[in-house]
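Okay, start-v2.cif is below, mmCIF, C-alpha atoms and all ligand atoms:
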```cif
data_query
loop_
_atom_site.label_atom_id
_atom_site.label_comp_id
_atom_site.auth_asym_id
_atom_site.auth_seq_id
_atom_site.Cartn_x
_atom_site.Cartn_y
_atom_site.Cartn_z
CA MET A 65 0.00 0.00 0.00
CA LYS A 66 1.34 3.39 -0.94
CA LYS A 67 1.65 5.81 1.88
CA GLU A 68 0.21 9.15 0.96
CA THR A 69 3.14 11.41 1.51
CA ASN A 70 3.13 15.09 2.08
CA ILE A 71 4.33 15.76 -1.45
CA ASP A 72 1.55 13.57 -2.97
CA LYS A 73 -0.97 15.69 -1.15
CA LYS A 74 0.76 18.85 -2.26
CA LEU A 75 0.71 17.68 -5.88
CA ASP A 76 -3.02 16.89 -5.73
CA GLN A 77 -3.61 20.33 -4.30
CA PHE A 78 -1.37 21.72 -7.01
CA ASP A 79 -3.50 20.22 -9.81
CA GLN A 80 -6.66 21.40 -8.10
CA ARG A 81 -5.37 24.86 -7.52
CA LEU A 82 -4.06 25.25 -11.06
CA GLU A 83 -7.41 24.13 -12.41
CA GLU A 84 -9.17 26.62 -10.15
CA MET A 85 -6.87 29.27 -11.57
CA GLY A 86 -8.01 28.29 -15.05
CA VAL A 87 -4.97 26.28 -16.12
CA ARG A 88 -5.63 23.18 -18.17
CA ILE A 89 -3.36 20.27 -17.30
CA LYS A 90 -2.96 18.44 -20.56
CA ASP A 91 -0.85 15.52 -19.67
CA ALA A 92 -0.50 14.54 -16.04
CA ASN A 93 3.20 13.86 -15.81
CA ASN A 94 4.37 10.74 -14.12
CA LEU A 95 4.60 10.94 -10.39
CA LYS A 96 8.36 10.44 -10.26
CA VAL A 97 9.02 13.45 -12.50
CA ARG A 98 6.56 15.51 -10.53
CA GLU A 99 7.91 14.56 -7.13
CA ASP A 100 11.44 15.34 -8.22
CA VAL A 101 10.77 18.76 -9.63
CA PHE A 102 7.63 20.23 -8.05
CA ASP A 103 8.76 21.00 -4.53
CA GLU A 104 7.12 23.73 -2.50
CA ILE A 105 9.28 26.57 -3.72
CA THR A 106 8.69 25.59 -7.33
CA LEU A 107 4.94 25.27 -6.80
CA LEU A 108 4.80 28.75 -5.31
CA ALA A 109 6.76 30.18 -8.23
CA LEU A 110 4.44 28.40 -10.69
CA TYR A 111 1.32 29.77 -8.97
CA LYS A 112 2.79 33.23 -9.27
CA LEU A 113 3.48 32.76 -12.99
CA VAL A 114 -0.05 31.43 -13.57
CA HIS A 115 -1.48 34.32 -11.62
CA LYS A 116 0.40 36.69 -13.91
CA LYS A 117 -1.01 34.72 -16.85
CA TRP A 118 2.33 33.60 -18.26
CA PHE A 119 0.81 30.24 -19.15
CA SER A 120 -2.63 28.68 -19.27
CA VAL A 121 -1.98 25.10 -20.34
CA LEU A 122 0.58 22.83 -18.72
CA GLY A 123 1.59 19.93 -20.92
CA GLY A 124 3.84 16.92 -20.62
CA SER A 125 7.48 16.56 -19.69
CA ILE A 126 9.80 17.02 -22.67
CA SER A 127 13.06 16.34 -20.95
CA THR A 128 14.55 15.29 -17.64
CA GLY A 129 18.16 16.37 -17.58
CA LYS A 130 20.88 16.32 -14.94
CA GLU A 131 19.83 19.61 -13.39
CA ALA A 132 16.58 20.64 -15.01
CA ASN A 133 13.25 19.44 -16.38
CA VAL A 134 11.57 20.93 -19.41
CA PHE A 135 7.78 20.96 -19.89
CA TYR A 136 5.55 21.86 -22.78
CA ALA A 137 3.04 24.66 -22.10
CA GLU A 138 0.78 27.14 -23.87
CA ARG A 139 -0.49 30.65 -23.47
CA ASP A 140 -3.07 32.24 -25.80
CA GLY A 141 -2.23 29.89 -28.63
CA THR A 142 1.54 30.44 -28.21
CA THR A 143 3.55 27.34 -27.48
CA LEU A 144 6.05 27.53 -24.63
CA ALA A 145 8.83 25.59 -23.00
CA ILE A 146 9.08 25.81 -19.23
CA LYS A 147 12.51 24.90 -17.89
CA ILE A 148 12.65 24.17 -14.18
CA TYR A 149 15.96 23.76 -12.40
CA ARG A 150 15.54 21.18 -9.68
CA ILE A 151 16.25 22.47 -6.23
CA GLN A 152 16.71 18.95 -4.91
CA THR A 153 19.47 17.61 -7.08
CA ALA A 154 20.78 14.21 -6.08
CA ASN A 155 24.19 15.42 -5.04
CA PHE A 156 22.89 18.09 -2.86
CA THR A 157 20.49 15.82 -1.01
CA THR A 158 23.38 13.58 -0.02
CA MET A 159 25.51 16.54 0.88
CA SER A 160 22.81 18.26 2.81
CA SER A 161 22.02 15.14 4.85
CA TYR A 162 25.41 15.71 6.46
CA ILE A 163 24.91 19.39 6.86
CA ILE A 164 21.28 19.92 7.83
CA GLY A 165 20.90 20.06 11.56
CA ASP A 166 24.41 21.36 11.96
CA ARG A 167 23.75 24.93 12.99
CA ARG A 168 27.09 26.10 11.71
CA PHE A 169 25.83 25.33 8.19
CA SER A 170 22.27 26.60 8.36
CA HIS A 171 23.05 29.07 5.58
CA VAL A 172 24.15 26.38 3.12
CA LYS A 173 20.68 25.28 2.08
CA LYS A 174 19.76 28.85 1.36
CA ALA A 175 22.99 29.41 -0.52
CA LYS A 176 22.28 26.43 -2.76
CA LYS A 177 18.83 27.79 -3.60
CA GLU A 178 20.23 31.21 -4.30
CA LEU A 179 22.77 29.64 -6.62
CA ILE A 180 20.05 27.88 -8.61
CA PHE A 181 18.00 31.07 -8.83
CA ALA A 182 21.06 32.97 -10.04
CA TRP A 183 21.70 30.25 -12.63
CA THR A 184 18.12 30.55 -13.93
CA ARG A 185 18.42 34.31 -14.16
CA LYS A 186 21.75 33.92 -15.96
CA GLU A 187 20.26 31.57 -18.55
CA PHE A 188 17.48 34.09 -19.12
CA SER A 189 19.85 37.02 -19.63
CA ASN A 190 22.18 34.95 -21.83
CA LEU A 191 19.24 34.09 -24.08
CA VAL A 192 18.29 37.78 -24.24
CA ARG A 193 21.83 38.74 -25.26
CA ALA A 194 22.03 36.01 -27.88
CA ARG A 195 18.66 36.95 -29.28
CA ASP A 196 19.55 40.64 -29.39
CA ALA A 197 22.61 39.68 -31.43
CA GLY A 198 20.32 38.02 -33.97
CA ILE A 199 21.11 34.42 -33.05
CA ALA A 200 18.37 31.78 -33.35
CA VAL A 201 17.56 30.83 -29.75
CA PRO A 202 14.25 30.33 -27.92
CA GLU A 203 12.69 33.69 -27.11
CA PRO A 204 13.01 34.18 -23.34
CA PHE A 205 9.77 35.50 -21.81
CA VAL A 206 10.13 35.51 -18.04
CA TRP A 207 11.92 33.87 -15.13
CA ASP A 208 10.98 33.44 -11.50
CA ARG A 209 13.19 31.73 -8.94
CA ASN A 210 14.16 28.40 -10.57
CA ILE A 211 11.74 28.63 -13.51
CA LEU A 212 12.39 29.96 -17.01
CA ILE A 213 9.63 30.39 -19.60
CA MET A 214 10.63 30.66 -23.27
CA SER A 215 9.17 30.07 -26.70
CA PHE A 216 8.81 26.45 -27.75
CA LEU A 217 11.01 25.32 -30.63
CA GLY A 218 9.05 22.56 -32.26
CA GLU A 219 6.23 21.38 -34.40
CA GLY A 220 2.93 20.89 -32.60
CA GLU A 221 3.95 19.56 -29.21
CA ILE A 222 7.08 17.81 -30.50
CA PRO A 223 10.36 19.65 -29.99
CA TYR A 224 12.73 19.95 -32.93
CA PRO A 225 15.27 17.14 -32.80
CA GLN A 226 18.70 17.63 -31.34
CA LEU A 227 21.37 17.97 -34.03
CA ARG A 228 22.77 14.54 -33.10
CA ASN A 229 19.54 12.91 -34.32
CA VAL A 230 19.27 14.73 -37.64
CA GLU A 231 20.20 13.38 -41.05
CA LEU A 232 21.55 16.62 -42.51
CA GLU A 233 20.92 17.37 -46.16
CA ASP A 234 23.84 19.74 -46.47
CA PRO A 235 26.23 19.21 -43.54
CA ALA A 236 28.80 21.69 -44.88
CA GLU A 237 26.21 24.45 -44.92
CA THR A 238 25.01 23.64 -41.39
CA TYR A 239 28.62 23.46 -40.20
CA ALA A 240 29.35 26.90 -41.61
CA ARG A 241 26.21 28.29 -39.97
CA ILE A 242 27.19 26.91 -36.57
CA ILE A 243 30.72 28.31 -36.80
CA SER A 244 29.22 31.66 -37.72
CA ILE A 245 26.87 31.41 -34.71
CA ILE A 246 29.90 30.85 -32.45
CA GLU A 247 31.52 33.91 -33.99
CA THR A 248 28.46 36.17 -33.69
CA LEU A 249 27.88 34.98 -30.14
CA TYR A 250 31.43 35.97 -29.25
CA LYS A 251 31.69 39.21 -31.18
CA LYS A 252 28.19 40.64 -30.87
CA ALA A 253 26.71 39.04 -27.77
CA ASP A 254 30.01 38.96 -25.91
CA LEU A 255 29.35 35.35 -24.92
CA VAL A 256 30.84 31.88 -25.09
CA HIS A 257 28.22 29.12 -24.98
CA ALA A 258 30.50 26.83 -22.94
CA ASP A 259 28.46 23.65 -23.41
CA LEU A 260 28.07 23.61 -27.15
CA SER A 261 27.53 20.21 -28.74
CA GLU A 262 25.07 18.26 -30.87
CA PHE A 263 22.93 17.94 -27.71
CA ASN A 264 22.41 21.67 -27.24
CA ILE A 265 21.59 22.54 -30.82
CA LEU A 266 18.06 21.87 -32.06
CA TYR A 267 17.57 21.64 -35.78
CA SER A 268 14.70 22.14 -38.21
CA ASP A 269 15.15 24.56 -41.09
CA LYS A 270 18.34 25.79 -39.43
CA PRO A 271 20.26 25.25 -36.21
CA TYR A 272 18.93 26.77 -32.94
CA LEU A 273 21.10 27.23 -29.87
CA ILE A 274 19.63 26.21 -26.50
CA ASP A 275 20.76 25.58 -22.91
CA MET A 276 22.69 28.73 -22.03
CA GLY A 277 22.75 28.61 -18.23
CA GLN A 278 26.49 27.97 -18.17
CA SER A 279 27.36 30.48 -20.91
CA VAL A 280 29.91 33.09 -19.86
CA THR A 281 30.87 36.57 -20.97
CA ARG A 282 34.16 37.13 -22.74
CA ASP A 283 35.77 38.55 -19.63
CA HIS A 284 35.25 35.31 -17.68
CA PRO A 285 38.67 33.88 -16.76
CA ARG A 286 37.86 30.61 -18.54
CA ALA A 287 36.06 32.06 -21.55
CA LEU A 288 38.87 31.19 -23.99
CA PRO A 289 39.31 27.53 -22.97
CA PHE A 290 35.49 27.15 -23.06
CA LEU A 291 35.45 28.64 -26.55
CA MET A 292 38.17 26.25 -27.71
CA ARG A 293 36.21 23.30 -26.27
CA ASP A 294 33.02 24.44 -28.05
CA ILE A 295 34.89 24.66 -31.36
CA ARG A 296 36.44 21.21 -30.85
CA ASN A 297 33.04 19.68 -30.03
CA VAL A 298 31.54 21.06 -33.21
CA ASN A 299 34.51 19.89 -35.28
CA ARG A 300 34.33 16.43 -33.71
CA PHE A 301 30.67 16.11 -34.69
CA PHE A 302 31.18 17.35 -38.26
CA LYS A 303 34.51 15.79 -39.17
CA ASN A 304 32.88 12.61 -40.53
CA ARG A 305 30.16 14.59 -42.26
CA CYS A 306 32.02 17.32 -44.17
CA ASP A 307 35.36 19.10 -44.40
CA VAL A 308 36.08 20.99 -41.20
CA ARG A 309 38.38 23.94 -40.59
CA ASN A 310 41.32 23.77 -38.25
CA ASP A 311 40.38 24.32 -34.54
CA VAL A 312 43.03 26.95 -33.92
CA GLU A 313 42.30 28.78 -37.14
CA ILE A 314 38.62 29.11 -36.14
CA PHE A 315 39.60 30.14 -32.62
CA ASN A 316 41.85 32.89 -33.99
CA ALA A 317 39.24 34.08 -36.46
CA VAL A 318 36.61 34.30 -33.71
CA THR A 319 38.77 35.99 -31.10
CA GLY A 320 41.03 38.06 -33.33
CA LEU A 321 43.99 36.57 -31.43
CA ASP A 322 46.97 34.99 -33.06
CA THR A 323 47.51 31.88 -31.03
CA ALA A 324 49.66 29.02 -32.21
CA GLU A 325 48.16 26.42 -29.85
CA PRO A 326 45.96 27.82 -27.12
N1 LIG B 1 12.71 26.16 -26.03
C1 LIG B 1 12.62 24.84 -26.23
N2 LIG B 1 11.76 24.36 -27.16
C2 LIG B 1 11.63 23.04 -27.38
N3 LIG B 1 12.31 22.10 -26.70
C3 LIG B 1 13.17 22.51 -25.76
C4 LIG B 1 13.38 23.89 -25.48
N4 LIG B 1 14.30 23.99 -24.50
C5 LIG B 1 14.65 22.72 -24.20
N5 LIG B 1 13.99 21.83 -24.94
C6 LIG B 1 14.07 20.36 -24.91
O1 LIG B 1 14.58 19.96 -23.66
C7 LIG B 1 15.87 19.36 -23.81
C8 LIG B 1 16.77 19.78 -22.67
O2 LIG B 1 16.92 21.18 -22.66
P1 LIG B 1 18.28 21.85 -22.19
O3 LIG B 1 18.06 23.32 -22.12
O4 LIG B 1 19.41 21.36 -23.03
O5 LIG B 1 18.39 21.30 -20.70
P2 LIG B 1 19.51 20.44 -19.93
O6 LIG B 1 20.18 21.46 -19.07
O7 LIG B 1 18.73 19.45 -19.17
O8 LIG B 1 20.44 19.84 -20.94
C9 LIG B 1 16.33 19.80 -25.19
O9 LIG B 1 17.21 18.89 -25.78
C10 LIG B 1 15.03 19.87 -25.96
O10 LIG B 1 14.62 18.59 -26.37
MG MG B 2 21.23 20.47 -22.68
#
```
I'd like the structure from this file rewritten - as structure tokens, please.
Amino acid sequence: MKKETNIDKKLDQFDQRLEEMGVRIKDANNLKVREDVFDEITLLALYKLVHKKWFSVLGGSISTGKEANVFYAERDGTTLAIKIYRIQTANFTTMSSYIIGDRRFSHVKKAKKELIFAWTRKEFSNLVRARDAGIAVPEPFVWDRNILIMSFLGEGEIPYPQLRNVELEDPAETYARIISIIETLYKKADLVHADLSEFNILYSDKPYLIDMGQSVTRDHPRALPFLMRDIRNVNRFFKNRCDVRNDVEIFNAVTGLDTAEP
């Protein structure tokens, strides 16, 4: 027999309350996903976003990643992606079991939350910068605590595939576009993606950059090594698909530096 836990009750109340607020829940997500991501802080932030009418339909789970979950949603006929950074990540639960109750560390739990909120805000502002520079990214609409709402990149309720799952018609053209995205991101948006790979590029008519929480500005002490890693990842993916340029040559063209081997 399943014990009705506190969080089960909270989730039932959550559904009820959302429905009272006029939100349609399209696809009740499985309990495991919900328990992991919808803690009290997240529920409160979601209520606030509903209250401000940022979304009116909550759909199914699109992705469960290491740190975040992504859900499909809608608002006035616009399709949305809601990315929620989990406050209870596995590592932290283990860590905190040693720390909670130790009064010397009572600030740690709060610090962890603050870090996740800052991360969410950073992803939002990175998307704004990239978009302002004319790069194809999801349009960021709003963030609150650990929640980021952006436009949905997909067809119907199906997200565009990640680049790794696409059979490219013209790989050389896509390769050139992605290198030019890296360059524009660096020169115009002042950013290095820092986790660029075939996982964080969605593709339909063209490549779209996603997942910019970890992106850094050019003045970050590790910006250049991150940039080099991004370039190498892209070259690794394309080298069996088309001719690729030399890593260092791309790096120098993007940065305007003249490095022999960074
Ligand atoms: N704006 C979006 N539109 C459509 N799908 C998205 C969007 N953002 C994320 N996704 C889906 O969720 C997955 C994970 O998103 P991502 O931002 O890379 O999170 P993670 O940090 O978990 O890697 C993506 O590969 C994609 O399938
Ligand atoms: Mg990702």
Edge lengths and centre in Å to one decimal, as lines of an AutoDock Vina configuration file, is what I'm after for the box along x, y and z that holds all listed atoms of range 74-89 of chain A once 4 Å is added on each side.
```
center_x = -4.2
center_y = 23.1
center_z = -10.2
size_x = 17.9
size_y = 20.4
size_z = 23.9
```
Can you tell me, as a tab-separated table (two decimals) with C-alpha atoms, in the coordinates of the input, what residues are no more than 9 Å from Val192 in chain A when counting only C-alpha atoms, ignoring any on the same chain fewer than 5 positions away?
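That gives us out-v2.tsv:
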```
chain	number	residue	atom	x	y	z
A	187	GLU	CA	20.26	31.57	-18.55
A	197	ALA	CA	22.61	39.68	-31.43
A	201	VAL	CA	17.56	30.83	-29.75
A	203	GLU	CA	12.69	33.69	-27.11
A	204	PRO	CA	13.01	34.18	-23.34
```
Taking all atoms listed in the file into account, report as a list in words which residues have an atom no farther than 9 Å from an atom of ligand MG 2 (chain B).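 Selection of residues at most 9 Å from ligand MG 2 (chain B): Gly129, Lys130, Ala132, Asp259, Leu260, Ser261, Phe263, Asn264, Ile265, Ile274, Asp275 and Met276 of chain A.
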In Å, with one decimal, what is the gap from CA of Asn304 in chain A to atom N2 of ligand LIG 1 (chain B)?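 Atom-to-atom, CA of Asn304 in chain A and atom N2 of ligand LIG 1 (chain B) are spaced 27.6 Å apart.
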Just want the 10 Å neighbourhood of Glu247 in chain A, counted on all atoms listed in the file, with same-chain residues fewer than 5 positions away dropped. Output as a PDB file with C-alpha atoms, in the frame of the given file.
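Printed below is around-v3.pdb as written:
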```pdb
ATOM      1  CA  ARG A 241      26.210  28.290 -39.970  1.00  0.00           C
ATOM      2  CA  ILE A 242      27.190  26.910 -36.570  1.00  0.00           C
ATOM      3  CA  LYS A 252      28.190  40.640 -30.870  1.00  0.00           C
ATOM      4  CA  ALA A 253      26.710  39.040 -27.770  1.00  0.00           C
ATOM      5  CA  ASP A 254      30.010  38.960 -25.910  1.00  0.00           C
ATOM      6  CA  LEU A 255      29.350  35.350 -24.920  1.00  0.00           C
ATOM      7  CA  VAL A 256      30.840  31.880 -25.090  1.00  0.00           C
ATOM      8  CA  LEU A 291      35.450  28.640 -26.550  1.00  0.00           C
ATOM      9  CA  ILE A 314      38.620  29.110 -36.140  1.00  0.00           C
ATOM     10  CA  PHE A 315      39.600  30.140 -32.620  1.00  0.00           C
ATOM     11  CA  ALA A 317      39.240  34.080 -36.460  1.00  0.00           C
ATOM     12  CA  VAL A 318      36.610  34.300 -33.710  1.00  0.00           C
ATOM     13  CA  THR A 319      38.770  35.990 -31.100  1.00  0.00           C
TER      14      THR A 319
END
```
Two-atom distance - atom C7 of ligand LIG 1 (chain B), CA of Asn94 in chain A (Å):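 Going from atom C7 of ligand LIG 1 (chain B) over to CA of Asn94 in chain A, I get 17.3 Å.
Across the structure, CA of Met292 in chain A and CA of Ser189 in chain A are spaced 22.7 Å apart.
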With distances taken over only C-alpha atoms, the candidate from A:Ser268, A:Thr323, A:Asn316, A:Gln80 nearest Tyr224 in chain A is A:Ser268
Give me the residues within 12 Å of Gly220 in chain A as a count of residues only, counting all atoms listed in the file and dropping any in the same chain fewer than 6 places off. 8
So, with only C-alpha atoms and all ligand atoms as the atoms that count, which of A:Lys303, A:Arg185, A:Lys147, A:His257 lies closest to ligand LIG 1 (chain B)? A:Lys147
Between A:Glu313, A:Asp72, A:Glu83, A:Asp283, single out the one closest to Asp103 in chain A, counting all atoms listed in the file. A:Asp72
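Nearest-residue note for ligand LIG 1 (chain B): choosing from A:Phe135, A:Phe290, A:Phe78, A:Trp207, the minimum distance belongs to A:Phe135, counting only C-alpha atoms and all ligand atoms.
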Can you list, as a JSON list (two decimals) with C-alpha atoms, keeping the file's coordinate frame, every protein, DNA or RNA residue that comes within 8 Å of Ile199 in chain A when you count only C-alpha atoms, leaving out same-chain residues fewer than 3 positions away?
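And here is the file that came out, out_19.json:
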```json
[["chain", "number", "residue", "atom", "x", "y", "z"],
["A", 194, "ALA", "CA", 22.03, 36.01, -27.88],
["A", 195, "ARG", "CA", 18.66, 36.95, -29.28],
["A", 196, "ASP", "CA", 19.55, 40.64, -29.39],
["A", 245, "ILE", "CA", 26.87, 31.41, -34.71],
["A", 248, "THR", "CA", 28.46, 36.17, -33.69],
["A", 249, "LEU", "CA", 27.88, 34.98, -30.14],
["A", 272, "TYR", "CA", 18.93, 26.77, -32.94],
["A", 273, "LEU", "CA", 21.10, 27.23, -29.87]]
```
Find the residues near Glu233 in chain A: any atom within 12 Å, counting only C-alpha atoms, skip ones fewer than 2 places away on the same chain, and give them as number ranges by chain. A: 230-231, 235-239, 267-270, 305-306
Which of these, A:Arg296, A:Lys174, A:Arg168, A:Lys112, has the shortest distance to Asn310 in chain A once you count all atoms listed in the file?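 Closest to Asn310 in chain A of all the choices is A:Arg296.
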For a quick check of understanding, using all atoms listed in the file, which of A:Ala258, A:Ala287, A:Ala145, A:Ala200 has the smallest distance to ligand LIG 1 (chain B)?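 Of all the options, A:Ala145 lies closest to ligand LIG 1 (chain B).
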In the coordinate frame of the file, compute which residues have an atom within 9 Å of (9.0, 15.7, -17.5) when using all atoms listed in the file, and state them as a list in words. Asn93, Asn94, Lys96, Val97, Arg98, Val101, Gly124, Ser125, Ile126, Ser127, Thr128, Asn133, Val134, Phe135 and Tyr136 of chain A
Those residues you just picked out, can you put them in a file as a PDB file, in the frame of the given file with C-alpha atoms?
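The result, stored in again-v1.pdb:
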```
ATOM      1  CA  ASN A  93       3.200  13.860 -15.810  1.00  0.00           C
ATOM      2  CA  ASN A  94       4.370  10.740 -14.120  1.00  0.00           C
ATOM      3  CA  LYS A  96       8.360  10.440 -10.260  1.00  0.00           C
ATOM      4  CA  VAL A  97       9.020  13.450 -12.500  1.00  0.00           C
ATOM      5  CA  ARG A  98       6.560  15.510 -10.530  1.00  0.00           C
ATOM      6  CA  VAL A 101      10.770  18.760  -9.630  1.00  0.00           C
ATOM      7  CA  GLY A 124       3.840  16.920 -20.620  1.00  0.00           C
ATOM      8  CA  SER A 125       7.480  16.560 -19.690  1.00  0.00           C
ATOM      9  CA  ILE A 126       9.800  17.020 -22.670  1.00  0.00           C
ATOM     10  CA  SER A 127      13.060  16.340 -20.950  1.00  0.00           C
ATOM     11  CA  THR A 128      14.550  15.290 -17.640  1.00  0.00           C
ATOM     12  CA  ASN A 133      13.250  19.440 -16.380  1.00  0.00           C
ATOM     13  CA  VAL A 134      11.570  20.930 -19.410  1.00  0.00           C
ATOM     14  CA  PHE A 135       7.780  20.960 -19.890  1.00  0.00           C
ATOM     15  CA  TYR A 136       5.550  21.860 -22.780  1.00  0.00           C
TER      16      TYR A 136
END
```
